[in-house]
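Next comes protein_1.cif, with mmCIF, C-alpha atoms.
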```cif
data_my_file
loop_
_atom_site.label_atom_id
_atom_site.label_comp_id
_atom_site.auth_asym_id
_atom_site.auth_seq_id
_atom_site.Cartn_x
_atom_site.Cartn_y
_atom_site.Cartn_z
CA MET A 9 31.51 -2.51 13.39
CA LYS A 10 31.69 -4.69 16.48
CA LEU A 11 28.32 -3.43 17.65
CA ALA A 12 26.74 -4.17 14.31
CA THR A 13 28.30 -7.61 14.11
CA ARG A 14 27.20 -8.44 17.61
CA ALA A 15 23.67 -7.19 16.92
CA ALA A 16 23.47 -9.21 13.74
CA GLY A 17 24.99 -12.18 15.51
CA GLN A 18 22.08 -12.21 17.90
CA LEU A 19 19.79 -13.24 15.07
CA PRO A 20 19.70 -17.00 15.78
CA ALA A 21 18.99 -16.49 19.49
CA GLY A 22 16.39 -13.88 18.65
CA THR A 23 14.80 -16.23 16.17
CA LEU A 24 14.48 -18.94 18.83
CA SER A 25 12.94 -16.58 21.40
CA VAL A 26 10.46 -15.12 18.97
CA GLY A 27 9.79 -18.55 17.51
CA ALA A 28 8.74 -19.91 20.89
CA GLY A 29 6.31 -17.02 21.36
CA LEU A 30 4.97 -17.42 17.84
CA ALA A 31 4.38 -21.13 18.44
CA VAL A 32 2.11 -20.21 21.34
CA LEU A 33 0.47 -17.44 19.31
CA GLY A 34 -0.09 -19.86 16.44
CA VAL A 35 -1.74 -22.40 18.71
CA GLY A 36 -3.84 -19.61 20.23
CA SER A 37 -4.96 -18.37 16.83
CA TYR A 38 -5.92 -21.84 15.70
CA ALA A 39 -7.73 -22.56 18.96
CA HIS A 40 -9.60 -19.25 18.68
CA LEU A 41 -10.81 -19.99 15.15
CA ALA A 42 -11.46 -23.67 15.83
CA ILE A 43 -13.59 -23.02 18.91
CA ALA A 44 -15.45 -20.23 17.12
CA GLY A 45 -16.08 -22.56 14.19
CA HIS A 46 -17.70 -25.14 16.46
CA GLU A 47 -19.68 -22.68 18.58
CA LEU A 48 -20.99 -20.26 15.94
CA THR A 49 -23.56 -20.76 13.21
CA VAL A 50 -22.44 -20.93 9.58
CA ARG A 51 -23.43 -17.27 9.11
CA GLY A 52 -21.77 -16.30 12.38
CA MET A 53 -18.53 -18.04 11.39
CA ALA A 54 -18.63 -16.30 8.00
CA SER A 55 -18.83 -12.94 9.81
CA MET A 56 -16.02 -13.98 12.13
CA SER A 57 -13.97 -15.04 9.10
CA VAL A 58 -14.43 -11.64 7.45
CA LEU A 59 -13.55 -9.81 10.68
CA TRP A 60 -10.42 -11.91 11.14
CA ALA A 61 -9.38 -11.30 7.53
CA ILE A 62 -9.92 -7.52 7.73
CA VAL A 63 -7.99 -7.14 11.00
CA SER A 64 -5.19 -9.23 9.49
CA CYS A 65 -5.26 -7.32 6.21
CA LEU A 66 -6.04 -3.69 7.01
CA GLY A 67 -4.92 -3.66 10.66
CA ILE A 68 -1.54 -5.27 10.13
CA GLY A 69 -1.16 -3.52 6.78
CA LEU A 70 -1.48 -0.12 8.43
CA PHE A 71 0.41 -0.68 11.67
CA PHE A 72 3.16 -3.14 10.79
CA PRO A 73 4.98 -0.35 8.87
CA VAL A 74 5.08 1.64 12.13
CA GLU A 75 6.72 -1.35 13.77
CA GLN A 76 9.19 -1.70 10.89
CA GLU A 77 10.20 1.96 10.94
CA LEU A 78 10.61 1.82 14.72
CA ILE A 79 12.82 -1.24 14.36
CA ARG A 80 14.92 0.49 11.73
CA HIS A 81 15.37 3.76 13.62
CA VAL A 82 15.82 2.15 17.04
CA ALA A 83 18.38 -0.36 15.74
CA ALA A 84 20.33 2.36 13.91
CA ARG A 85 20.34 4.65 16.97
CA THR A 86 21.47 1.78 19.16
CA VAL A 87 24.45 1.11 16.88
CA ALA A 88 25.29 4.84 16.99
CA GLY A 89 25.03 5.00 20.79
CA GLU A 90 22.02 7.34 20.65
CA GLY A 91 19.06 7.27 23.04
CA VAL A 92 15.94 5.90 21.37
CA ALA A 93 13.19 7.62 23.41
CA PRO A 94 12.55 10.34 20.76
CA ALA A 95 12.01 7.71 18.05
CA VAL A 96 9.69 5.73 20.31
CA ARG A 97 7.57 8.80 21.09
CA ARG A 98 7.27 9.63 17.40
CA GLY A 99 6.29 6.03 16.65
CA ALA A 100 3.58 6.04 19.32
CA VAL A 101 2.10 9.28 17.98
CA LEU A 102 2.17 7.88 14.44
CA ALA A 103 0.33 4.74 15.51
CA GLY A 104 -2.28 6.82 17.33
CA GLY A 105 -2.79 9.06 14.32
CA VAL A 106 -3.23 6.11 11.95
CA LEU A 107 -5.70 4.54 14.39
CA LEU A 108 -7.87 7.66 14.44
CA ILE A 109 -7.78 7.95 10.65
CA VAL A 110 -9.16 4.41 10.35
CA VAL A 111 -11.55 4.18 13.29
CA ILE A 112 -13.41 7.51 12.96
CA PRO A 113 -14.67 6.86 9.39
CA ALA A 114 -15.49 3.24 10.28
CA LEU A 115 -17.65 4.35 13.19
CA ALA A 116 -19.33 6.98 11.00
CA VAL A 117 -20.52 4.26 8.60
CA ALA A 118 -20.93 1.50 11.18
CA ARG A 119 -24.40 0.45 10.03
CA PRO A 120 -23.60 0.15 6.28
CA LEU A 121 -20.43 -1.78 7.14
CA ALA A 122 -22.40 -4.15 9.33
CA ASP A 123 -25.01 -4.70 6.63
CA ARG A 124 -22.45 -5.31 3.88
CA LEU A 125 -19.83 -7.36 5.71
CA PHE A 126 -21.34 -8.84 8.87
CA GLY A 127 -24.91 -9.75 8.03
CA GLY A 128 -26.28 -6.68 9.83
CA ASP A 129 -24.48 -7.36 13.14
CA ILE A 130 -23.30 -3.85 14.10
CA GLY A 131 -21.46 -5.25 17.10
CA MET A 132 -18.96 -6.78 14.67
CA THR A 133 -18.20 -3.31 13.31
CA TYR A 134 -17.34 -2.15 16.83
CA ALA A 135 -15.26 -5.29 17.33
CA LEU A 136 -13.43 -4.43 14.10
CA CYS A 137 -12.51 -0.95 15.39
CA ALA A 138 -11.40 -2.45 18.70
CA GLY A 139 -9.25 -4.94 16.81
CA PHE A 140 -7.41 -2.06 15.15
CA LEU A 141 -6.67 -0.65 18.61
CA GLY A 142 -5.06 -3.91 19.70
CA VAL A 143 -2.87 -4.05 16.60
CA ALA A 144 -1.82 -0.40 17.01
CA VAL A 145 -0.65 -0.88 20.60
CA VAL A 146 1.40 -4.01 20.00
CA SER A 147 2.98 -2.58 16.84
CA VAL A 148 4.70 0.10 18.92
CA CYS A 149 5.71 -2.31 21.68
CA ARG A 150 7.14 -4.88 19.29
CA GLY A 151 8.97 -2.26 17.25
CA VAL A 152 10.79 -1.10 20.38
CA LEU A 153 11.55 -4.60 21.63
CA ALA A 154 12.87 -5.86 18.28
CA GLY A 155 14.85 -2.69 17.57
CA LEU A 156 16.61 -2.98 20.93
CA GLY A 157 17.26 -6.68 20.42
CA ARG A 158 15.06 -7.64 23.38
CA PHE A 159 13.70 -10.73 21.71
CA GLY A 160 12.93 -12.38 25.02
CA GLY A 161 10.37 -9.68 25.73
CA TYR A 162 9.13 -9.85 22.14
CA GLY A 163 8.61 -13.58 22.44
CA THR A 164 6.91 -13.19 25.81
CA GLN A 165 4.44 -10.73 24.37
CA LEU A 166 3.59 -13.10 21.54
CA GLY A 167 3.21 -15.97 23.98
CA VAL A 168 0.88 -14.03 26.27
CA ASP A 169 -1.18 -12.97 23.26
CA GLY A 170 -1.60 -16.58 22.15
CA SER A 171 -2.33 -17.85 25.65
CA MET A 172 -5.06 -15.28 26.15
CA ARG A 173 -6.70 -16.29 22.87
CA VAL A 174 -6.94 -19.86 24.11
CA LEU A 175 -8.16 -18.95 27.60
CA LEU A 176 -10.76 -16.46 26.41
CA SER A 177 -12.07 -18.77 23.67
CA VAL A 178 -12.40 -21.68 26.10
CA ALA A 179 -14.14 -19.41 28.62
CA LEU A 180 -16.71 -18.34 25.99
CA ALA A 181 -17.30 -21.93 24.93
CA VAL A 182 -17.75 -23.13 28.53
CA ALA A 183 -20.20 -20.27 29.11
CA HIS A 184 -22.10 -21.35 25.95
CA VAL A 185 -21.61 -17.95 24.32
CA HIS A 186 -22.58 -18.05 20.63
CA SER A 187 -22.04 -14.38 19.74
CA PRO A 188 -19.63 -13.62 16.87
CA THR A 189 -18.94 -10.24 18.48
CA ALA A 190 -17.71 -11.88 21.68
CA TYR A 191 -15.26 -14.05 19.76
CA GLY A 192 -14.26 -11.06 17.63
CA LEU A 193 -13.34 -8.99 20.70
CA ILE A 194 -10.71 -11.58 21.60
CA LEU A 195 -8.66 -10.01 18.80
CA THR A 196 -8.54 -6.88 20.97
CA ALA A 197 -8.32 -8.25 24.50
CA ALA A 198 -5.46 -10.70 23.88
CA PRO A 199 -2.93 -8.25 22.38
CA LEU A 200 -3.75 -5.52 24.92
CA VAL A 201 -3.14 -7.91 27.83
CA SER A 202 0.15 -8.99 26.22
CA ALA A 203 1.25 -5.35 25.92
CA VAL A 204 0.48 -4.67 29.57
CA CYS A 205 2.46 -7.75 30.62
CA THR A 206 5.59 -6.55 28.77
CA VAL A 207 5.55 -2.85 29.66
CA ARG A 208 8.72 -3.11 31.75
CA PRO A 209 11.07 -4.59 29.10
CA THR A 210 9.56 -2.26 26.50
CA LEU A 211 10.26 0.93 28.44
CA ARG A 212 13.43 -0.08 30.29
CA GLY A 213 16.44 2.07 29.46
CA LEU A 214 15.09 3.86 26.40
CA GLY A 215 17.31 6.84 27.17
CA PRO A 216 17.08 10.44 25.95
CA GLY A 217 18.58 11.38 22.64
CA ALA A 218 18.62 13.91 19.86
CA PRO A 219 15.14 14.72 18.52
CA ILE A 220 14.15 12.91 15.35
CA PRO A 221 12.48 15.21 12.80
CA TRP A 222 9.04 14.23 11.56
CA ARG A 223 10.29 14.34 7.99
CA VAL A 224 12.88 11.68 8.82
CA MET A 225 10.42 9.51 10.74
CA CYS A 226 7.67 9.76 8.14
CA ARG A 227 9.63 9.96 4.89
CA GLY A 228 9.25 6.30 4.00
CA LEU A 229 6.18 5.54 6.12
CA GLY A 230 3.58 6.28 3.46
CA MET A 231 5.32 3.99 0.98
CA LEU A 232 5.74 1.32 3.65
CA ILE A 233 2.05 1.50 4.51
CA GLY A 234 1.19 1.19 0.83
CA SER A 235 3.47 -1.84 0.46
CA SER A 236 2.19 -3.42 3.66
CA LEU A 237 -1.48 -2.89 2.77
CA LEU A 238 -0.93 -4.46 -0.63
CA ALA A 239 0.98 -7.37 0.92
CA GLN A 240 -1.76 -7.99 3.46
CA THR A 241 -4.37 -7.68 0.74
CA VAL A 242 -2.62 -10.34 -1.30
CA VAL A 243 -2.48 -12.78 1.61
CA ASN A 244 -5.89 -12.12 3.17
CA VAL A 245 -8.30 -10.84 0.53
CA ALA A 246 -9.32 -14.28 -0.78
CA VAL A 247 -11.84 -14.79 2.04
CA ILE A 248 -13.28 -11.29 1.59
CA ASP A 249 -13.46 -11.73 -2.20
CA VAL A 250 -15.48 -14.92 -1.92
CA ASP A 251 -17.86 -13.26 0.54
CA LEU A 252 -18.33 -10.31 -1.85
CA LEU A 253 -18.39 -12.22 -5.16
CA ALA A 254 -20.48 -15.14 -3.88
CA PRO A 255 -22.49 -13.79 -0.93
CA GLY A 256 -24.83 -16.79 -0.96
CA ARG A 257 -22.04 -19.28 -0.18
CA PRO A 258 -21.07 -18.87 3.49
CA ALA A 259 -19.86 -22.47 3.64
CA VAL A 260 -17.18 -21.70 1.04
CA VAL A 261 -16.14 -18.57 2.96
CA GLY A 262 -15.61 -20.54 6.17
CA ALA A 263 -13.87 -23.42 4.36
CA LEU A 264 -11.55 -21.05 2.52
CA LEU A 265 -10.60 -19.29 5.76
CA ALA A 266 -9.74 -22.68 7.30
CA ALA A 267 -7.73 -23.61 4.20
CA MET A 268 -5.87 -20.27 4.23
CA VAL A 269 -5.03 -20.69 7.90
CA LEU A 270 -3.70 -24.21 7.35
CA ALA A 271 -1.77 -23.28 4.20
CA ARG A 272 -0.23 -20.35 6.07
CA VAL A 273 1.16 -22.41 8.95
CA PRO A 274 4.71 -21.79 7.61
CA ILE A 275 4.12 -18.02 8.00
CA PHE A 276 3.96 -18.45 11.78
CA VAL A 277 7.39 -20.10 11.67
CA PHE A 278 8.68 -17.55 9.18
CA ALA A 279 7.48 -14.66 11.34
CA SER A 280 10.04 -15.60 14.00
CA LEU A 281 12.76 -15.18 11.38
CA GLN A 282 11.21 -12.00 9.99
CA ALA A 283 11.02 -10.30 13.39
CA ALA A 284 14.72 -10.86 14.00
CA LEU A 285 15.85 -10.35 10.39
CA LEU A 286 15.16 -6.63 9.95
CA PRO A 287 17.15 -5.54 13.06
CA GLY A 288 20.10 -7.61 11.84
CA LEU A 289 19.88 -6.22 8.31
CA ALA A 290 19.41 -2.66 9.57
CA SER A 291 22.42 -2.98 11.89
CA ALA A 292 24.58 -4.40 9.10
CA ALA A 293 23.46 -1.63 6.74
CA ALA A 294 24.12 1.05 9.37
CA ALA A 295 27.66 -0.22 9.97
CA GLY A 296 28.42 -0.73 6.27
CA ASP A 297 28.85 -4.52 6.63
CA PHE A 298 27.64 -5.58 3.18
CA ARG A 299 29.01 -9.10 3.49
CA ARG A 300 26.98 -9.71 6.63
CA PHE A 301 23.94 -8.17 4.94
CA ARG A 302 24.16 -10.55 1.98
CA TRP A 303 24.76 -13.54 4.26
CA LEU A 304 21.67 -12.80 6.36
CA LEU A 305 19.48 -12.26 3.30
CA GLY A 306 20.74 -15.40 1.56
CA ARG A 307 20.30 -17.64 4.58
CA ALA A 308 16.82 -16.29 5.23
CA SER A 309 15.77 -16.87 1.60
CA ALA A 310 17.06 -20.45 1.66
CA ALA A 311 15.27 -21.17 4.93
CA VAL A 312 12.01 -19.77 3.59
CA ALA A 313 12.25 -21.82 0.39
CA LEU A 314 12.72 -25.02 2.40
CA LEU A 315 9.92 -24.06 4.76
CA GLY A 316 7.58 -23.35 1.86
CA VAL A 317 8.21 -26.69 0.15
CA THR A 318 7.73 -28.65 3.38
CA GLY A 319 4.59 -26.74 4.32
CA GLY A 320 3.16 -27.14 0.83
CA VAL A 321 3.49 -30.91 0.83
CA LEU A 322 1.93 -31.20 4.29
CA ALA A 323 -0.93 -28.86 3.39
CA ALA A 324 -1.80 -30.76 0.22
CA VAL A 325 -1.73 -34.13 1.98
CA PHE A 326 -3.46 -33.33 5.27
CA GLY A 327 -5.36 -30.09 4.60
CA PRO A 328 -8.57 -31.49 3.08
CA TRP A 329 -9.50 -33.49 6.20
CA LEU A 330 -7.90 -31.20 8.82
CA GLY A 331 -10.12 -28.26 7.82
CA PRO A 332 -13.45 -29.91 8.68
CA LEU A 333 -11.94 -31.70 11.69
CA LEU A 334 -10.35 -28.66 13.35
CA PHE A 335 -12.62 -25.82 12.28
CA GLY A 336 -15.98 -27.49 11.78
CA VAL A 337 -16.27 -26.28 8.17
CA GLN A 338 -17.83 -28.19 5.31
CA HIS A 339 -15.73 -30.38 3.02
CA VAL A 340 -15.87 -28.25 -0.15
CA LEU A 341 -12.14 -27.88 -0.98
CA HIS A 342 -9.69 -30.47 -2.34
CA TRP A 343 -5.95 -31.16 -2.16
CA SER A 344 -5.30 -29.06 -5.25
CA ASP A 345 -6.80 -26.01 -3.52
CA PHE A 346 -4.43 -26.48 -0.60
CA ALA A 347 -1.44 -27.03 -2.89
CA LEU A 348 -2.15 -23.81 -4.77
CA LEU A 349 -2.60 -21.85 -1.54
CA ALA A 350 0.63 -23.33 -0.16
CA PHE A 351 2.55 -22.31 -3.30
CA GLY A 352 1.22 -18.79 -2.91
CA THR A 353 2.32 -18.80 0.72
CA ALA A 354 5.86 -19.88 -0.19
CA CYS A 355 6.15 -17.06 -2.74
CA TYR A 356 4.62 -14.59 -0.31
CA MET A 357 7.18 -15.41 2.40
CA LEU A 358 10.04 -15.07 -0.05
CA ALA A 359 8.69 -11.69 -1.15
CA LEU A 360 8.66 -10.55 2.49
CA VAL A 361 12.26 -11.68 3.01
CA ILE A 362 13.54 -9.81 -0.03
CA GLY A 363 11.38 -6.86 0.99
CA GLN A 364 13.15 -6.73 4.37
CA GLY A 365 16.38 -6.17 2.47
CA ALA A 366 14.78 -3.35 0.50
CA ILE A 367 13.54 -1.71 3.72
CA ALA A 368 16.94 -1.96 5.40
CA LEU A 369 18.45 -0.18 2.39
CA SER A 370 15.68 2.47 2.45
CA ARG A 371 14.36 1.37 -0.94
CA HIS A 372 10.77 1.91 0.09
CA ARG A 373 9.63 3.18 -3.29
CA ASP A 374 10.97 0.18 -5.18
CA GLN A 375 9.23 -2.18 -2.78
CA LEU A 376 5.96 -0.27 -3.14
CA LEU A 377 6.07 -0.45 -6.95
CA CYS A 378 6.66 -4.19 -6.81
CA TRP A 379 3.63 -4.69 -4.57
CA VAL A 380 1.55 -2.42 -6.82
CA ALA A 381 2.39 -4.74 -9.70
CA GLY A 382 1.41 -7.71 -7.55
CA GLY A 383 -1.86 -6.00 -6.69
CA VAL A 384 -2.65 -5.47 -10.36
CA VAL A 385 -2.05 -9.16 -11.07
CA LEU A 386 -4.24 -10.04 -8.08
CA ALA A 387 -7.14 -7.93 -9.37
CA VAL A 388 -6.88 -9.15 -12.97
CA VAL A 389 -6.82 -12.84 -12.06
CA THR A 390 -9.62 -12.45 -9.51
CA LEU A 391 -11.91 -10.86 -12.11
CA LEU A 392 -11.37 -13.60 -14.69
CA PRO A 393 -14.33 -15.91 -15.38
CA GLY A 394 -14.57 -19.26 -13.61
CA GLU A 395 -15.13 -20.78 -10.18
CA VAL A 396 -14.68 -18.03 -7.60
CA SER A 397 -12.64 -20.05 -5.09
CA LEU A 398 -10.22 -21.19 -7.82
CA ARG A 399 -9.86 -17.62 -9.09
CA VAL A 400 -8.88 -16.21 -5.71
CA GLU A 401 -6.41 -19.05 -5.12
CA PHE A 402 -4.70 -18.47 -8.47
CA ALA A 403 -4.71 -14.73 -7.81
CA TYR A 404 -2.90 -15.26 -4.48
CA ALA A 405 -0.21 -17.44 -6.07
CA ALA A 406 0.30 -15.35 -9.21
CA SER A 407 0.50 -12.00 -7.40
CA SER A 408 2.97 -13.31 -4.80
CA LEU A 409 5.21 -14.80 -7.50
CA THR A 410 5.14 -11.50 -9.40
CA VAL A 411 6.38 -9.58 -6.36
CA VAL A 412 9.21 -12.09 -5.73
CA VAL A 413 10.52 -11.77 -9.27
CA LEU A 414 10.34 -7.96 -9.34
CA LEU A 415 11.92 -7.48 -5.91
CA ALA A 416 14.76 -9.84 -6.83
CA ILE A 417 15.39 -7.77 -9.97
CA VAL A 418 15.41 -4.58 -7.88
CA LEU A 419 18.05 -5.86 -5.45
CA VAL A 420 20.22 -7.33 -8.20
CA ARG A 421 20.14 -4.20 -10.36
CA HIS A 422 20.29 -1.61 -7.59
CA ARG A 423 22.25 -3.25 -4.80
CA VAL A 424 24.10 -0.83 -2.56
CA ARG A 425 27.81 -1.17 -1.91
CA PHE A 426 28.34 -0.09 1.67
CA LYS A 427 31.20 2.06 2.75
CA PRO A 428 33.20 0.06 5.29
CA ALA A 429 33.27 1.54 8.75
CA VAL A 430 36.58 3.00 9.91
CA PRO A 431 38.40 0.31 11.94
CA GLY A 432 38.36 1.07 15.63
CA SER A 433 35.89 3.90 15.28
CA GLU A 434 33.44 4.44 18.11
CA PRO A 435 29.70 4.68 17.68
CA GLY A 436 28.80 8.22 16.94
CA GLY A 437 31.79 8.85 14.69
CA ALA A 438 32.11 7.33 11.25
CA SER A 439 29.39 4.77 11.90
CA ARG A 440 26.95 7.51 12.88
CA ALA A 441 27.59 9.27 9.60
CA VAL A 442 26.96 6.05 7.73
CA ILE A 443 23.68 5.58 9.63
CA ALA A 444 22.56 9.09 8.76
CA GLY A 445 23.21 8.33 5.11
CA ARG A 446 21.28 5.08 5.23
CA LEU A 447 18.22 6.71 6.82
CA ARG A 448 17.96 9.55 4.33
#
```
Starting from the coordinates I provided, produce the structure as C-alpha cells.
Amino acid sequence: MKLATRAAGQLPAGTLSVGAGLAVLGVGSYAHLAIAGHELTVRGMASMSVLWAIVSCLGIGLFFPVEQELIRHVAARTVAGEGVAPAVRRGAVLAGGVLLIVVIPALAVARPLADRLFGGDIGMTYALCAGFLGVAVVSVCRGVLAGLGRFGGYGTQLGVDGSMRVLLSVALAVAHVHSPTAYGLILTAAPLVSAVCTVRPTLRGLGPGAPIPWRVMCRGLGMLIGSSLLAQTVVNVAVIDVDLLAPGRPAVVGALLAAMVLARVPIFVFASLQAALLPGLASAAAAGDFRRFRWLLGRASAAVALLGVTGGVLAAVFGPWLGPLLFGVQHVLHWSDFALLAFGTACYMLALVIGQGAIALSRHRDQLLCWVAGGVVLAVVTLLPGEVSLRVEFAYAASSLTVVVLLAIVLVRHRVRFKPAVPGSEPGGASRAVIAGRLR
C-alpha cells in the first residue's frame, strides 16, 4: 500500500515535469505549423494540414494504446516488485508489428494516396509513413518512462521534441525551402531525436522479471486501439472531412486546422495531467486503494472542466484574429466557430479523463463501446445537410459530449470496489495477487 500511495503521490510533481516538456512541445508544434503556413502555398499548406491531421489521428490512435498498456503493466509490476524488462520487450515488438501493418499497405498504394490526399505529391505519402515511425518509437519510450514514474525523462523527451520542431522549421525557412514534404518530415525527425536523447533514463534499471504472456499483453490492446482510433478521429477528422467533402476549398481546410489547433490549446496542458494520471490510477487500482483512485479521478475531472471553460472563453475572444496572424490563413471563420470547437475540446478532455479510469480498471470493452457510440454521432452529424465547416464543428462537439455521458454512466453503474491490501504486506504477496486480478 505504501508503494502505491507513494507512486500516486508523485502525481503533482510528475504533472509539473511533463507540463514543462509539453509547454515546449506546444510551442514547437505551433511554430512548426505557423512557419509552414507562411512559407507554403495555399495548396501546400492544405496538404501539410491533412498530413498533420492523419499523423495525429491514425498515428496516435494506433500507438498511444501501446503506450497506455506499457504504463499499466510497468506500473503494476513496479508496485509488485517485479522487473519490467519482459513487458518492455513485448511492448516494443507490438509497436513494431503495428507499424508494419500500417506502413506496408500505405506504401503499396502510395500513388493513389498522394493523388487523393496530397494533390499528387507522392513525397507526402512517404512523409506520412515516416511520421508513423516517429510516433511508434516515442510511444514505447514514453510508456516505459511514465510507468516507472520517471517524469523528468518524460518531460525532457517532450521538450527535445518541441525544440527540434522549432529549430528544423526555422532552418527550412531560412534556407527558403517551400516543400510540404520537407516540413512534413519534421514530424519524424523531431520525435526520433528526442527518443535518442532519452535512451539512458528509458533503459536504466529495467530489470529482469517473469515473462509476460502475449495473451495478457494483448488482451485489451485491440479494444484500446479501437477506442484510441475513434477518439483521435473525433478530435482530428474535421480537417480531413472538409478536404474530402469540399475539395475546392483549400482556404477553409487551412483555416479550420488553425482554428482546431488554437481551440485545442487546453489539450496540451491537459496532456501533462493525462500522462501522470494513468500511472497513479493504475498503482491505486493495483494496491486496492479505491479512495485514492476516486480522489485522483475527481480532481482530474474538476481541473479539466476549469481548463475547458477558460480555454473556451479565450478561444472565442482571440481565435478569429490569431488564426490569420499566427498561421497565415484566410479570415473565413468567426468567434462562434471557435466557441463550438472549444466546447468540443472541453468534452473531449473530460472523456479522456474518465476513460483513464476505465483503462486502469481494465474496462476496455466499455470504453470502446462508448467511443463507438461517439463515432456514430460524429458520422450522422457530419452527413447532415448544411455548411460543411459548421457540420464538422457540431459533429466534434456532439460526439465528444456523447462519450462523456456514456463513460460516466459506465463508471457509476459498474464501479469496482477494491479489496484492501493486507496491512504490512510486502510487494509480491497480497498486493501481487490483487495486481494479477486487475490485469486479467
So, counting only C-alpha atoms, which residue among A:Val361, A:Ala138, A:Ala203, A:Leu322 is closest to Ala271 in chain A?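 For Ala271 in chain A, the nearest of the candidates is A:Leu322.
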Picked residues, the PyMOL selection byres ((chain A and resi 191) around 9), as a PyMOL selection string: chain A and resi 40-41+44+56+176-177+180+185-190+192-195
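Comparing the minimum interatomic distances between Ala366 in chain A and each of A:Ala197, A:Leu398, A:Gln76, A:Val243, counting all atoms listed in the file, we find that A:Gln76 sits nearest.
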Show me, as a ChimeraX atom specification, the residues that have an atom within 8 Å of Val143 in chain A when counting all atoms listed in the file, minus same-chain residues fewer than 6 positions from it. /A:67-68,71,196,199
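Of the listed residues A:Asp129, A:Ala84, A:Ser37, A:Leu30, the one whose atoms come nearest to Gly52 in chain A is A:Asp129, with distances taken using only C-alpha atoms.
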